[in-house]
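Raw query_36.pdb, PDB, C-alpha atoms:
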ATOM      1  CA  MET O   1      19.520  50.289   7.711
ATOM      2  CA  PRO O   2      20.950  49.679  11.197
ATOM      3  CA  LEU O   3      21.798  46.083  12.092
ATOM      4  CA  MET O   4      19.262  45.975  14.940
ATOM      5  CA  THR O   5      16.387  47.006  12.646
ATOM      6  CA  THR O   6      17.374  44.380  10.051
ATOM      7  CA  ALA O   7      17.420  41.663  12.732
ATOM      8  CA  LEU O   8      13.967  42.688  13.995
ATOM      9  CA  ILE O   9      12.508  42.598  10.482
ATOM     10  CA  MET O  10      13.951  39.097   9.920
ATOM     11  CA  LEU O  11      12.595  37.826  13.248
ATOM     12  CA  SER O  12       9.137  39.257  12.674
ATOM     13  CA  ALA O  13       8.982  37.615   9.235
ATOM     14  CA  ALA O  14       9.994  34.202  10.620
ATOM     15  CA  PRO O  15       7.226  31.959  11.984
ATOM     16  CA  ALA O  16       7.036  31.595  15.734
ATOM     17  CA  PRO O  17       8.600  28.362  17.061
ATOM     18  CA  ALA O  18       5.201  27.234  18.392
ATOM     19  CA  ALA O  19       3.813  27.441  14.850
ATOM     20  CA  ILE O  20       6.608  25.185  13.562
ATOM     21  CA  LEU O  21       6.176  22.410  16.151
ATOM     22  CA  PRO O  22       2.777  21.046  15.116
ATOM     23  CA  ALA O  23       3.888  20.737  11.485
ATOM     24  CA  ALA O  24       7.096  18.960  12.502
ATOM     25  CA  ALA O  25       5.205  16.601  14.805
ATOM     26  CA  GLN O  26       2.772  15.713  12.016
ATOM     27  CA  ALA O  27       5.547  15.057   9.483
ATOM     28  CA  GLY O  28       6.283  11.626  11.028
ATOM     29  CA  ALA O  29       2.622  10.611  11.426
ATOM     30  CA  PRO O  30       1.456   8.233   8.709
ATOM     31  CA  PRO O  31      -1.620   9.101   6.699
ATOM     32  CA  SER O  32      -4.344   6.458   6.768
ATOM     33  CA  ILE O  33      -4.397   4.026   3.875
ATOM     34  CA  ALA O  34      -7.432   2.156   5.203
ATOM     35  CA  GLY O  35     -10.170   1.732   2.637
ATOM     36  CA  VAL O  36     -10.784   0.336  -0.828
ATOM     37  CA  TRP O  37      -8.253   0.914  -3.598
ATOM     38  CA  GLU O  38      -8.438   0.028  -7.295
ATOM     39  CA  ALA O  39      -5.419  -0.396  -9.572
ATOM     40  CA  GLU O  40      -5.274   2.337 -12.202
ATOM     41  CA  ASP O  41      -5.174  -0.275 -14.952
ATOM     42  CA  GLY O  42      -8.271  -1.990 -13.504
ATOM     43  CA  ARG O  43      -6.512  -5.293 -12.849
ATOM     44  CA  MET O  44      -7.290  -5.511  -9.130
ATOM     45  CA  LYS O  45      -9.211  -4.058  -6.219
ATOM     46  CA  ILE O  46      -8.003  -4.377  -2.624
ATOM     47  CA  GLU O  47      -9.206  -3.336   0.798
ATOM     48  CA  MET O  48      -6.510  -2.041   3.157
ATOM     49  CA  PHE O  49      -7.136  -2.320   6.899
ATOM     50  CA  GLU O  50      -5.298  -1.820  10.177
ATOM     51  CA  ALA O  51      -4.174  -5.047  11.802
ATOM     52  CA  GLY O  52      -2.535  -4.656  15.207
ATOM     53  CA  GLY O  53      -0.013  -1.913  14.529
ATOM     54  CA  SER O  54       0.460  -2.659  10.842
ATOM     55  CA  TYR O  55      -1.600  -2.654   7.668
ATOM     56  CA  SER O  56      -2.891  -5.626   5.725
ATOM     57  CA  GLY O  57      -4.892  -5.895   2.532
ATOM     58  CA  ARG O  58      -7.461  -8.311   1.184
ATOM     59  CA  LEU O  59      -8.284  -9.074  -2.417
ATOM     60  CA  LEU O  60     -11.745  -7.856  -3.436
ATOM     61  CA  TRP O  61     -11.328  -8.555  -7.139
ATOM     62  CA  GLY O  62      -8.486  -9.437  -9.500
ATOM     63  CA  ARG O  63      -8.487 -10.024 -13.239
ATOM     64  CA  ARG O  64      -6.230 -13.080 -12.884
ATOM     65  CA  ALA O  65      -8.044 -14.299  -9.749
ATOM     66  CA  VAL O  66     -11.427 -14.851 -11.427
ATOM     67  CA  GLU O  67     -12.708 -17.268 -14.028
ATOM     68  CA  ALA O  68     -13.615 -16.193 -17.583
ATOM     69  CA  ASP O  69     -17.046 -14.995 -16.387
ATOM     70  CA  GLY O  70     -15.291 -12.203 -14.451
ATOM     71  CA  ARG O  71     -17.181 -13.005 -11.218
ATOM     72  CA  THR O  72     -16.361 -16.515 -10.021
ATOM     73  CA  PHE O  73     -13.153 -16.585  -8.017
ATOM     74  CA  LYS O  74     -10.572 -19.272  -8.693
ATOM     75  CA  ARG O  75      -9.291 -21.590  -5.983
ATOM     76  CA  ASP O  76      -5.902 -21.117  -4.303
ATOM     77  CA  VAL O  77      -4.530 -24.212  -6.094
ATOM     78  CA  HIS O  78      -0.899 -22.992  -6.152
ATOM     79  CA  ASN O  79      -0.661 -22.334  -2.410
ATOM     80  CA  PRO O  80       2.474 -23.920  -0.911
ATOM     81  CA  ASP O  81       0.280 -25.100   2.003
ATOM     82  CA  PRO O  82      -1.747 -28.071   0.666
ATOM     83  CA  THR O  83      -4.481 -27.489   3.273
ATOM     84  CA  LEU O  84      -5.268 -24.065   1.710
ATOM     85  CA  ARG O  85      -5.461 -25.148  -1.928
ATOM     86  CA  GLY O  86      -9.235 -25.621  -1.846
ATOM     87  CA  ARG O  87     -10.063 -22.130  -0.584
ATOM     88  CA  SER O  88     -11.378 -19.380  -2.820
ATOM     89  CA  LEU O  89      -9.122 -16.436  -3.651
ATOM     90  CA  GLU O  90     -12.048 -14.143  -2.838
ATOM     91  CA  ARG O  91     -11.232 -11.794   0.073
ATOM     92  CA  ILE O  92      -8.006 -13.596   1.036
ATOM     93  CA  THR O  93      -5.410 -11.478   2.795
ATOM     94  CA  ILE O  94      -2.751 -10.837   0.167
ATOM     95  CA  LEU O  95      -0.798  -8.080   1.973
ATOM     96  CA  GLN O  96       0.476  -8.361   5.531
ATOM     97  CA  ASN O  97       2.703  -6.631   8.087
ATOM     98  CA  LEU O  98       3.163  -3.262   6.390
ATOM     99  CA  LYS O  99       4.600  -0.950   9.052
ATOM    100  CA  TRP O 100       5.130   2.793   8.803
ATOM    101  CA  ASP O 101       8.725   3.966   8.379
ATOM    102  CA  ALA O 102       8.771   7.732   9.012
ATOM    103  CA  LYS O 103      12.322   8.091   7.676
ATOM    104  CA  ASP O 104      11.379   6.766   4.233
ATOM    105  CA  ALA O 105       7.734   7.973   4.475
ATOM    106  CA  ARG O 106       6.332   4.594   3.450
ATOM    107  CA  TRP O 107       4.937   1.328   4.777
ATOM    108  CA  GLU O 108       7.641  -1.356   4.710
ATOM    109  CA  GLY O 109       8.472  -4.896   5.724
ATOM    110  CA  GLY O 110       5.325  -6.356   4.271
ATOM    111  CA  SER O 111       4.668  -9.462   2.271
ATOM    112  CA  LEU O 112       2.499  -9.822  -0.826
ATOM    113  CA  TYR O 113       0.923 -13.167  -1.686
ATOM    114  CA  ASP O 114       0.117 -13.855  -5.344
ATOM    115  CA  GLY O 115      -2.650 -16.441  -5.253
ATOM    116  CA  THR O 116      -2.434 -17.013  -8.997
ATOM    117  CA  SER O 117       1.115 -18.347  -8.702
ATOM    118  CA  GLY O 118       1.459 -19.295  -5.025
ATOM    119  CA  ARG O 119       4.505 -17.004  -4.651
ATOM    120  CA  SER O 120       5.104 -14.583  -1.809
ATOM    121  CA  LEU O 121       7.006 -11.361  -2.429
ATOM    122  CA  SER O 122       8.329  -8.566  -0.267
ATOM    123  CA  ALA O 123       6.302  -5.379  -0.463
ATOM    124  CA  HIS O 124       6.278  -1.733   0.465
ATOM    125  CA  MET O 125       3.766   1.048  -0.171
ATOM    126  CA  ARG O 126       3.729   4.813  -0.246
ATOM    127  CA  LEU O 127       1.194   7.539  -0.893
ATOM    128  CA  VAL O 128       2.152   9.866  -3.725
ATOM    129  CA  GLN O 129      -0.241  12.686  -4.587
ATOM    130  CA  GLY O 130      -3.205  10.756  -3.201
ATOM    131  CA  LYS O 131      -2.344   7.538  -5.043
ATOM    132  CA  LEU O 132      -1.088   4.381  -3.372
ATOM    133  CA  GLU O 133       2.030   2.902  -4.954
ATOM    134  CA  MET O 134       2.581  -0.758  -4.095
ATOM    135  CA  ARG O 135       5.960  -2.263  -4.952
ATOM    136  CA  GLY O 136       6.287  -6.041  -4.929
ATOM    137  CA  TYR O 137       9.710  -7.629  -5.310
ATOM    138  CA  MET O 138      11.933 -10.632  -4.656
ATOM    139  CA  GLY O 139      15.316  -9.764  -3.212
ATOM    140  CA  SER O 140      15.939  -6.141  -4.150
ATOM    141  CA  PRO O 141      13.181  -3.534  -4.617
ATOM    142  CA  MET O 142      15.034  -2.528  -7.794
ATOM    143  CA  LEU O 143      14.012  -5.861  -9.318
ATOM    144  CA  GLY O 144      10.328  -5.457  -8.562
ATOM    145  CA  ARG O 145       7.199  -4.051 -10.067
ATOM    146  CA  THR O 146       4.987  -1.168  -8.952
ATOM    147  CA  LEU O 147       1.217  -1.018  -9.194
ATOM    148  CA  VAL O 148      -0.515   2.321  -8.674
ATOM    149  CA  PHE O 149      -3.915   2.393  -6.969
ATOM    150  CA  ARG O 150      -6.514   5.132  -6.629
ATOM    151  CA  ARG O 151      -8.865   5.323  -3.652
ATOM    152  CA  VAL O 152     -12.410   4.184  -4.396
ATOM    153  CA  PRO O 153     -14.856   6.826  -3.124
ATOM    154  CA  GLY O 154     -17.423   5.852  -0.550
TER     155      GLY O 154
END
I need this file expressed as C-alpha cells, please.
Amino acid sequence: MPLMTTALIMLSAAPAPAAILPAAAQAGAPPSIAGVWEAEDGRMKIEMFEAGGSYSGRLLWGRRAVEADGRTFKRDVHNPDPTLRGRSLERITILQNLKWDAKDARWEGGSLYDGTSGRSLSAHMRLVQGKLEMRGYMGSPMLGRTLVFRRVPG
C-alpha cells in the first residue's frame, strides 16, 4: 500500500482534535462529592457540602458518637477547646478544607476531627468507582487509615 494511502487511513481513524479537547478539559474538573455518604461497615454517616471553594463534612451519625441507645449523641467532652466540651457531637463539622488537586485526582489538605477522642488528623479523599475513600492520618498518609463510603440515594 502506498505511503500516502496508509497515512490517510491512520488520520481518518484518529479522532478529530476538537473531539479530544472536551474530554481533556473535563479530566481536571472534580466530580461533586456533595451529599450524604455512609461508611460501608455502617460505623458512620456524613454529609459532604461545598464551603467556599473547598468541601467540608458534618457528622450525621456515628457508632462511637452515640450513647448505648444508638440515638442520643454524646457531648464533645474531649475537645481541646474547653468552651466546646458541652456541645453535642450531632451534626458537628468533622471534615474541613478539602480542596481538589487535579494532579492527584483527589481532595487534599483537609482536616478530620474525631469528636470521640478530641484529636484532629490530616485527611484526603478520592472517588474510586463511585465510592468515596477517606484517608485520615497523622504525619504521613502511609500511617493512616482509610474508610470507604457509599453514596446514600435520595
Practice prompt. Step by step: start from the point (3.0, 6.9, 9.0) in the file's coordinates, keep every protein, DNA or RNA residue that has an atom no farther than 10 Å from it, count all atoms listed in the file, and write the set as a count of residues only.
Written response: 18
Worksheet item: For the point (-2.8, -24.3, -3.8) in file coordinates, what residues are within 10 Å, counting only C-alpha atoms? Give the answer as a PyMOL selection string?
Response: chain O and resi 75-88+115-118
Report as a tab-separated table: every residue of stretch 22-127 of chain O with an atom at most 12 Å from stretch 131-142 of chain O, its closest pair of atoms, and their distance in Å to one decimal, counting only C-alpha atoms, with rows sorted by chain and ascending residue number.
residue	atom	partner	partner_atom	distance
O:Pro31	CA	O:Leu132	CA	11.1
O:Ser32	CA	O:Leu132	CA	10.9
O:Ile33	CA	O:Leu132	CA	8.0
O:Ala34	CA	O:Leu132	CA	10.9
O:Gly35	CA	O:Leu132	CA	11.2
O:Val36	CA	O:Leu132	CA	10.8
O:Trp37	CA	O:Leu132	CA	8.0
O:Glu38	CA	O:Leu132	CA	9.4
O:Ala39	CA	O:Leu132	CA	8.9
O:Glu40	CA	O:Lys131	CA	9.3
O:Ile46	CA	O:Leu132	CA	11.2
O:Glu47	CA	O:Leu132	CA	12.0
O:Met48	CA	O:Leu132	CA	10.6
O:Gly57	CA	O:Met134	CA	11.2
O:Ile94	CA	O:Gly136	CA	11.4
O:Leu95	CA	O:Met134	CA	10.1
O:Leu98	CA	O:Met134	CA	10.8
O:Arg106	CA	O:Glu133	CA	9.6
O:Trp107	CA	O:Met134	CA	9.4
O:Glu108	CA	O:Arg135	CA	9.8
O:Gly109	CA	O:Gly136	CA	10.9
O:Gly110	CA	O:Gly136	CA	9.3
O:Ser111	CA	O:Gly136	CA	8.1
O:Leu112	CA	O:Gly136	CA	6.7
O:Tyr113	CA	O:Gly136	CA	9.5
O:Asp114	CA	O:Gly136	CA	10.0
O:Arg119	CA	O:Met138	CA	9.8
O:Ser120	CA	O:Met138	CA	8.4
O:Leu121	CA	O:Tyr137	CA	5.4
O:Ser122	CA	O:Tyr137	CA	5.3
O:Ala123	CA	O:Gly136	CA	4.5
O:His124	CA	O:Arg135	CA	5.5
O:Met125	CA	O:Met134	CA	4.5
O:Arg126	CA	O:Glu133	CA	5.4
O:Leu127	CA	O:Leu132	CA	4.6
Write out, as a PDB file, keeping the file's coordinate frame, the residues just selected, with C-alpha atoms.
ATOM      1  CA  PRO O  31      -1.620   9.101   6.699  1.00  0.00           C
ATOM      2  CA  SER O  32      -4.344   6.458   6.768  1.00  0.00           C
ATOM      3  CA  ILE O  33      -4.397   4.026   3.875  1.00  0.00           C
ATOM      4  CA  ALA O  34      -7.432   2.156   5.203  1.00  0.00           C
ATOM      5  CA  GLY O  35     -10.170   1.732   2.637  1.00  0.00           C
ATOM      6  CA  VAL O  36     -10.784   0.336  -0.828  1.00  0.00           C
ATOM      7  CA  TRP O  37      -8.253   0.914  -3.598  1.00  0.00           C
ATOM      8  CA  GLU O  38      -8.438   0.028  -7.295  1.00  0.00           C
ATOM      9  CA  ALA O  39      -5.419  -0.396  -9.572  1.00  0.00           C
ATOM     10  CA  GLU O  40      -5.274   2.337 -12.202  1.00  0.00           C
ATOM     11  CA  ILE O  46      -8.003  -4.377  -2.624  1.00  0.00           C
ATOM     12  CA  GLU O  47      -9.206  -3.336   0.798  1.00  0.00           C
ATOM     13  CA  MET O  48      -6.510  -2.041   3.157  1.00  0.00           C
ATOM     14  CA  GLY O  57      -4.892  -5.895   2.532  1.00  0.00           C
ATOM     15  CA  ILE O  94      -2.751 -10.837   0.167  1.00  0.00           C
ATOM     16  CA  LEU O  95      -0.798  -8.080   1.973  1.00  0.00           C
ATOM     17  CA  LEU O  98       3.163  -3.262   6.390  1.00  0.00           C
ATOM     18  CA  ARG O 106       6.332   4.594   3.450  1.00  0.00           C
ATOM     19  CA  TRP O 107       4.937   1.328   4.777  1.00  0.00           C
ATOM     20  CA  GLU O 108       7.641  -1.356   4.710  1.00  0.00           C
ATOM     21  CA  GLY O 109       8.472  -4.896   5.724  1.00  0.00           C
ATOM     22  CA  GLY O 110       5.325  -6.356   4.271  1.00  0.00           C
ATOM     23  CA  SER O 111       4.668  -9.462   2.271  1.00  0.00           C
ATOM     24  CA  LEU O 112       2.499  -9.822  -0.826  1.00  0.00           C
ATOM     25  CA  TYR O 113       0.923 -13.167  -1.686  1.00  0.00           C
ATOM     26  CA  ASP O 114       0.117 -13.855  -5.344  1.00  0.00           C
ATOM     27  CA  ARG O 119       4.505 -17.004  -4.651  1.00  0.00           C
ATOM     28  CA  SER O 120       5.104 -14.583  -1.809  1.00  0.00           C
ATOM     29  CA  LEU O 121       7.006 -11.361  -2.429  1.00  0.00           C
ATOM     30  CA  SER O 122       8.329  -8.566  -0.267  1.00  0.00           C
ATOM     31  CA  ALA O 123       6.302  -5.379  -0.463  1.00  0.00           C
ATOM     32  CA  HIS O 124       6.278  -1.733   0.465  1.00  0.00           C
ATOM     33  CA  MET O 125       3.766   1.048  -0.171  1.00  0.00           C
ATOM     34  CA  ARG O 126       3.729   4.813  -0.246  1.00  0.00           C
ATOM     35  CA  LEU O 127       1.194   7.539  -0.893  1.00  0.00           C
TER      36      LEU O 127
END
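Using all atoms listed in the file, the shortest contact distance between O:Val152 and any of O:Ala68, O:Arg91, O:Lys74, O:Gly130 is found at O:Gly130.
We find atom CA of O:Ala65 and atom CA of O:Val128 to be spaced 26.9 Å apart.
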Any idea what's packed within 7 Å of O:Ile92, counting only C-alpha atoms, ignoring anything in its chain fewer than 2 positions away? Could you give it as a PDB file with C-alpha atoms, keeping the file's coordinate frame?
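Wrote it out as selection.pdb, contents follow:
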ATOM      1  CA  ARG O  58      -7.461  -8.311   1.184  1.00  0.00           C
ATOM      2  CA  LEU O  59      -8.284  -9.074  -2.417  1.00  0.00           C
ATOM      3  CA  LEU O  89      -9.122 -16.436  -3.651  1.00  0.00           C
ATOM      4  CA  GLU O  90     -12.048 -14.143  -2.838  1.00  0.00           C
ATOM      5  CA  ILE O  94      -2.751 -10.837   0.167  1.00  0.00           C
TER       6      ILE O  94
END
